[in-house]
Every structure is written in C-alpha cells, then in structure tokens.
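Peer 1: Structure file data.pdb, PDB, C-alpha atoms, is pasted below:
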```pdb
ATOM      1  CA  MET C   1     157.243 120.730  98.379
ATOM      2  CA  ASP C   2     159.851 123.464  98.729
ATOM      3  CA  ALA C   3     157.576 125.692 100.848
ATOM      4  CA  VAL C   4     156.629 122.772 103.093
ATOM      5  CA  THR C   5     160.303 121.854 103.509
ATOM      6  CA  THR C   6     161.151 125.436 104.458
ATOM      7  CA  ASP C   7     158.316 125.506 107.002
ATOM      8  CA  TYR C   8     159.468 122.189 108.446
ATOM      9  CA  LEU C   9     163.073 123.358 108.743
ATOM     10  CA  THR C  10     161.888 126.515 110.516
ATOM     11  CA  PHE C  11     159.916 124.295 112.891
ATOM     12  CA  CYS C  12     163.018 122.137 113.496
ATOM     13  CA  LYS C  13     165.105 125.198 114.266
ATOM     14  CA  GLU C  14     162.622 127.051 116.457
ATOM     15  CA  ALA C  15     160.570 124.347 118.166
ATOM     16  CA  ARG C  16     163.070 121.504 118.330
ATOM     17  CA  GLY C  17     166.203 123.631 118.693
ATOM     18  CA  LEU C  18     168.248 121.633 116.208
ATOM     19  CA  ALA C  19     171.784 122.702 115.408
ATOM     20  CA  PRO C  20     172.489 124.513 112.122
ATOM     21  CA  LYS C  21     174.508 121.579 110.730
ATOM     22  CA  THR C  22     171.624 119.224 111.485
ATOM     23  CA  ILE C  23     169.211 121.569 109.702
ATOM     24  CA  VAL C  24     171.508 121.611 106.640
ATOM     25  CA  SER C  25     171.710 117.804 106.668
ATOM     26  CA  ILE C  26     167.921 117.488 106.848
ATOM     27  CA  ARG C  27     167.500 120.019 104.023
ATOM     28  CA  ILE C  28     169.897 118.080 101.784
ATOM     29  CA  THR C  29     168.031 114.828 102.457
ATOM     30  CA  LEU C  30     164.612 116.386 101.859
ATOM     31  CA  ASP C  31     165.785 118.188  98.688
ATOM     32  CA  ARG C  32     167.091 114.900  97.305
ATOM     33  CA  PHE C  33     163.778 113.286  98.204
ATOM     34  CA  ALA C  34     161.854 116.057  96.431
ATOM     35  CA  ASN C  35     163.945 115.447  93.294
ATOM     36  CA  PHE C  36     163.304 111.716  93.628
ATOM     37  CA  LEU C  37     159.535 112.285  93.835
ATOM     38  CA  GLU C  38     159.677 114.666  90.885
ATOM     39  CA  ALA C  39     161.428 111.996  88.815
ATOM     40  CA  LEU C  40     158.543 109.660  89.687
ATOM     41  CA  ASN C  41     156.116 112.392  88.554
ATOM     42  CA  ILE C  42     154.654 112.716  92.061
ATOM     43  CA  LYS C  43     153.640 116.324  92.459
ATOM     44  CA  GLU C  44     151.254 116.183  95.443
ATOM     45  CA  LEU C  45     152.224 115.174  98.959
ATOM     46  CA  SER C  46     148.839 113.479  99.266
ATOM     47  CA  ALA C  47     150.168 110.829  96.837
ATOM     48  CA  LEU C  48     153.113 110.034  99.140
ATOM     49  CA  GLN C  49     153.475 106.373 100.127
ATOM     50  CA  VAL C  50     155.805 104.477 102.421
ATOM     51  CA  SER C  51     157.181 102.638  99.410
ATOM     52  CA  HIS C  52     158.424 105.971  98.014
ATOM     53  CA  VAL C  53     160.511 106.567 101.133
ATOM     54  CA  ASP C  54     161.829 102.994 101.117
ATOM     55  CA  SER C  55     162.757 103.253  97.431
ATOM     56  CA  PHE C  56     164.458 106.591  97.976
ATOM     57  CA  VAL C  57     166.494 105.353 100.942
ATOM     58  CA  SER C  58     167.628 102.245  99.088
ATOM     59  CA  SER C  59     168.628 104.368  96.084
ATOM     60  CA  GLN C  60     170.961 106.527  98.162
ATOM     61  CA  HIS C  61     173.651 103.841  98.626
ATOM     62  CA  ARG C  62     174.363 104.942 102.174
ATOM     63  CA  PRO C  63     176.236 102.855 104.740
ATOM     64  CA  PHE C  64     173.912 100.400 106.452
ATOM     65  CA  ARG C  65     174.534 102.028 109.854
ATOM     66  CA  SER C  66     173.177 105.395 108.662
ATOM     67  CA  LEU C  67     169.781 104.015 107.631
ATOM     68  CA  PRO C  68     168.098 104.422 111.038
ATOM     69  CA  SER C  69     169.010 108.120 111.125
ATOM     70  CA  ILE C  70     167.683 108.636 107.589
ATOM     71  CA  TYR C  71     164.431 106.926 108.532
ATOM     72  CA  SER C  72     164.284 109.125 111.628
ATOM     73  CA  VAL C  73     164.390 112.237 109.429
ATOM     74  CA  PHE C  74     161.498 110.900 107.371
ATOM     75  CA  ARG C  75     159.443 109.761 110.370
ATOM     76  CA  ARG C  76     159.628 113.231 111.880
ATOM     77  CA  PHE C  77     159.003 115.004 108.566
ATOM     78  CA  ILE C  78     156.014 112.843 107.683
ATOM     79  CA  LYS C  79     154.575 113.199 111.182
ATOM     80  CA  TYR C  80     154.911 116.977 110.740
ATOM     81  CA  LEU C  81     153.087 116.730 107.392
ATOM     82  CA  TYR C  82     150.290 114.800 109.086
ATOM     83  CA  LEU C  83     149.969 117.230 112.002
ATOM     84  CA  GLU C  84     149.915 120.153 109.567
ATOM     85  CA  LYS C  85     147.181 118.344 107.578
ATOM     86  CA  LYS C  86     149.317 118.126 104.423
ATOM     87  CA  ILE C  87     148.660 114.370 104.286
ATOM     88  CA  GLN C  88     145.626 112.455 105.549
ATOM     89  CA  ARG C  89     147.312 109.422 107.129
ATOM     90  CA  ASN C  90     150.174 109.337 109.600
ATOM     91  CA  LEU C  91     152.531 107.257 107.487
ATOM     92  CA  SER C  92     155.374 107.848 109.933
ATOM     93  CA  LEU C  93     154.150 104.894 111.985
ATOM     94  CA  LEU C  94     154.714 102.628 108.995
ATOM     95  CA  LEU C  95     158.324 103.642 108.376
ATOM     96  CA  ILE C  96     160.416 100.898 109.910
ATOM     97  CA  PRO C  97     164.173 101.016 109.422
ATOM     98  CA  PRO C  98     166.178  97.818 109.198
ATOM     99  CA  LYS C  99     167.730  96.613 112.425
ATOM    100  CA  VAL C 100     171.382  97.499 112.881
ATOM    101  CA  PHE C 101     173.238  95.466 115.452
ATOM    102  CA  SER C 102     176.441  96.530 117.158
ATOM    103  CA  GLN C 103     178.144  93.317 116.077
ATOM    104  CA  ALA C 104     176.798  93.414 112.515
ATOM    105  CA  HIS C 105     179.967  92.096 110.955
ATOM    106  CA  ILE C 106     180.741  88.800 109.326
ATOM    107  CA  PRO C 107     181.502  86.390 112.171
ATOM    108  CA  HIS C 108     184.997  85.013 112.471
ATOM    109  CA  PHE C 109     185.220  81.243 112.862
ATOM    110  CA  LEU C 110     188.202  79.219 113.907
ATOM    111  CA  SER C 111     189.659  76.890 111.305
ATOM    112  CA  ASP C 112     189.921  73.151 111.967
ATOM    113  CA  GLU C 113     193.647  73.539 112.616
ATOM    114  CA  GLU C 114     193.086  76.382 115.093
ATOM    115  CA  LEU C 115     190.463  74.329 116.933
ATOM    116  CA  ALA C 116     192.798  71.328 117.107
ATOM    117  CA  ARG C 117     195.605  73.481 118.574
ATOM    118  CA  LEU C 118     193.175  74.987 121.089
ATOM    119  CA  PHE C 119     191.944  71.595 122.278
ATOM    120  CA  GLN C 120     195.519  70.316 122.589
ATOM    121  CA  LYS C 121     196.238  73.004 125.163
ATOM    122  CA  ILE C 122     193.357  71.951 127.417
ATOM    123  CA  PRO C 123     194.630  69.616 130.139
ATOM    124  CA  ASN C 124     193.220  66.112 130.087
ATOM    125  CA  THR C 125     193.032  65.836 133.862
ATOM    126  CA  TYR C 126     190.050  66.157 136.149
ATOM    127  CA  PRO C 127     190.140  68.046 139.430
ATOM    128  CA  GLU C 128     190.526  65.882 142.507
ATOM    129  CA  GLU C 129     187.412  65.387 144.543
TER     130      GLU C 129
END
```
Just dump the structure as structure tokens.

Peer 2:
Amino acid sequence: MDAVTTDYLTFCKEARGLAPKTIVSIRITLDRFANFLEALNIKELSALQVSHVDSFVSSQHRPFRSLPSIYSVFRRFIKYLYLEKKIQRNLSLLLIPPKVFSQAHIPHFLSDEELARLFQKIPNTYPEE
C-alpha cells in the first residue's frame, strides 16, 4: 500500500494543489490505516471494505467534529483507488460520516425554580383593545 499512498499523495500535490501540511496530514492518516489493515492481516487493497474504514475511524478516538474530515480523506483516497483500477467497486459512495450539528452540545434546560421566576416577571395584564 505504500507505493499506492505515495502515488496518491503525488496526485494530491500536483493535480489538486493541496498544501504541504495537508499532504502530511493525509499521509499520517493513510499510514495509520495501512498499519490497521496490516494488523487485520489484510494485504490486498481488493479486500478493502467499508467496515474496515469505519472500524479504523472509530478506533482513532478523535473528536466527533473531526470525523467528517477523516471520512473525506478516505472518500477521496478510495475514489482514487477505484479510478486507478486498484479496487473494483467505488466504495467511496458508501462511506457516510456521522452528522455533526453546529449545536451538538447537551441542551441546557431551565430548572423549575428558574421557570417560576421567569413567569413571575411576565405581566398579568392584557393589552387594551
């Protein structure tokens, strides 16, 4: 996989014009993935499955917000593998990252006491007609 990774990184640099730091980040991710596949005794890219990518991503213990960018790296890499005929199916279409919402925090609710104080401040009068 090392030669394929090198070819892909060259493609990213020359055809896509990615910045050097981005190239380094992609290389680190793909090297870790290669080690992950090796630990699973997967030696041929033709044996690659979507579940391998999902398992790898979940094993990385990354912040939830970074998952879409990690999946983006894999979608592009796997699409490259497909276009270069290294794999027979375009698995990139099956890689779906989890949704990350801008307000993806635990919601804050008012306590009963806070609600009572809030309602006490609302005037009990109706506007004149």

Peer 1: What does the PyMOL selection byres ((chain C and resi 42-59) around 12) select in this file, as an MDAnalysis selection string?

Peer 2: chainID C and resid 1:5 29:41 60:64 66:75 77:78 81:82 84:98

Peer 1: To one decimal place in Å, what is the distance between CA of Arg16 in chain C and CA of Arg76 in chain C?

Peer 2: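 These atoms are spaced 11.0 Å apart.
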
Peer 1: As JSON, what would the box around range 35-47 of chain C look like: edges along x, y and z, 8 Å added on every side, centre and edge lengths in Å to one decimal?

Peer 2:
```
{"center_x": 156.4, "center_y": 113.0, "center_z": 93.9, "size_x": 31.1, "size_y": 22.7, "size_z": 26.7}
```

Peer 1: What is the distance, in Å and to one decimal place, between CA of Phe11 in chain C and CA of Arg27 in chain C?

Peer 2: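 CA of Phe11 in chain C sits 12.4 Å away from CA of Arg27 in chain C.
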
Peer 1: For the atom pair CA of Lys13 in chain C and CA of Lys79 in chain C, what is the interatomic distance in Å to one decimal place?

Peer 2: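 Between these atoms lies a distance of 16.3 Å.
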
Peer 1: Under the rule that all atoms listed in the file are counted, which of C:Leu118, C:Tyr80, C:Pro123, C:Ile28 is the nearest residue to Cys12 in chain C?

Peer 2: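 Nearest to Cys12 in chain C: C:Tyr80.
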
Peer 1: Would you mind putting all heavy atoms back on range 15-26 of chain C and writing the result as a compact mmCIF listing (two decimals), in the frame of the given file?

Peer 2:
```txt
# COMPACT_ATOMS: atom_id res chain seq x y z
N ALA C 15 161.27 125.16 117.17
CA ALA C 15 160.57 124.35 118.17
C ALA C 15 161.44 123.22 118.72
O ALA C 15 161.36 122.91 119.91
CB ALA C 15 159.30 123.76 117.56
N ARG C 16 162.25 122.64 117.88
CA ARG C 16 163.07 121.50 118.33
C ARG C 16 164.48 121.92 118.70
O ARG C 16 165.22 121.14 119.30
CB ARG C 16 163.10 120.42 117.24
CG ARG C 16 161.72 119.80 117.02
CD ARG C 16 161.71 118.67 116.06
NE ARG C 16 162.64 117.63 116.48
CZ ARG C 16 163.33 116.88 115.62
NH1 ARG C 16 163.21 117.05 114.33
NH2 ARG C 16 164.15 115.96 116.06
N GLY C 17 164.88 123.13 118.33
CA GLY C 17 166.20 123.63 118.69
C GLY C 17 167.36 122.88 118.08
O GLY C 17 168.42 122.74 118.69
N LEU C 18 167.18 122.40 116.86
CA LEU C 18 168.25 121.63 116.21
C LEU C 18 169.40 122.54 115.79
O LEU C 18 169.20 123.71 115.47
CB LEU C 18 167.70 120.89 115.00
CG LEU C 18 166.65 119.82 115.29
CD1 LEU C 18 166.23 119.13 113.99
CD2 LEU C 18 167.14 118.80 116.28
N ALA C 19 170.57 121.97 115.78
CA ALA C 19 171.78 122.70 115.41
C ALA C 19 171.78 123.03 113.92
O ALA C 19 171.17 122.31 113.12
CB ALA C 19 173.02 121.86 115.74
N PRO C 20 172.45 124.12 113.54
CA PRO C 20 172.49 124.51 112.12
C PRO C 20 172.98 123.40 111.19
O PRO C 20 172.44 123.23 110.09
CB PRO C 20 173.43 125.72 112.10
CG PRO C 20 173.31 126.30 113.47
CD PRO C 20 173.11 125.13 114.39
N LYS C 21 174.00 122.66 111.59
CA LYS C 21 174.51 121.58 110.73
C LYS C 21 173.46 120.48 110.55
O LYS C 21 173.37 119.88 109.48
CB LYS C 21 175.79 120.98 111.31
CG LYS C 21 177.00 121.88 111.13
CD LYS C 21 178.26 121.20 111.61
CE LYS C 21 179.46 122.10 111.39
NZ LYS C 21 180.71 121.47 111.80
N THR C 22 172.70 120.22 111.58
CA THR C 22 171.62 119.22 111.48
C THR C 22 170.55 119.70 110.52
O THR C 22 170.04 118.92 109.70
CB THR C 22 171.02 118.95 112.88
OG1 THR C 22 172.07 118.54 113.77
CG2 THR C 22 169.96 117.87 112.82
N ILE C 23 170.21 120.98 110.60
CA ILE C 23 169.21 121.57 109.70
C ILE C 23 169.68 121.43 108.24
O ILE C 23 168.91 121.06 107.36
CB ILE C 23 168.95 123.05 110.04
CG1 ILE C 23 168.42 123.20 111.47
CG2 ILE C 23 168.02 123.71 109.04
CD1 ILE C 23 167.04 122.69 111.72
N VAL C 24 170.96 121.72 108.00
CA VAL C 24 171.51 121.61 106.64
C VAL C 24 171.42 120.16 106.16
O VAL C 24 171.04 119.89 105.01
CB VAL C 24 172.96 122.13 106.59
CG1 VAL C 24 173.64 121.77 105.28
CG2 VAL C 24 172.99 123.63 106.82
N SER C 25 171.76 119.22 107.02
CA SER C 25 171.71 117.80 106.67
C SER C 25 170.28 117.37 106.32
O SER C 25 170.06 116.65 105.34
CB SER C 25 172.26 116.97 107.82
OG SER C 25 172.15 115.61 107.54
N ILE C 26 169.32 117.82 107.12
CA ILE C 26 167.92 117.49 106.85
C ILE C 26 167.49 118.10 105.53
O ILE C 26 166.81 117.46 104.72
CB ILE C 26 167.02 117.95 108.01
CG1 ILE C 26 167.31 117.14 109.27
CG2 ILE C 26 165.54 117.84 107.64
CD1 ILE C 26 166.64 117.66 110.53
```
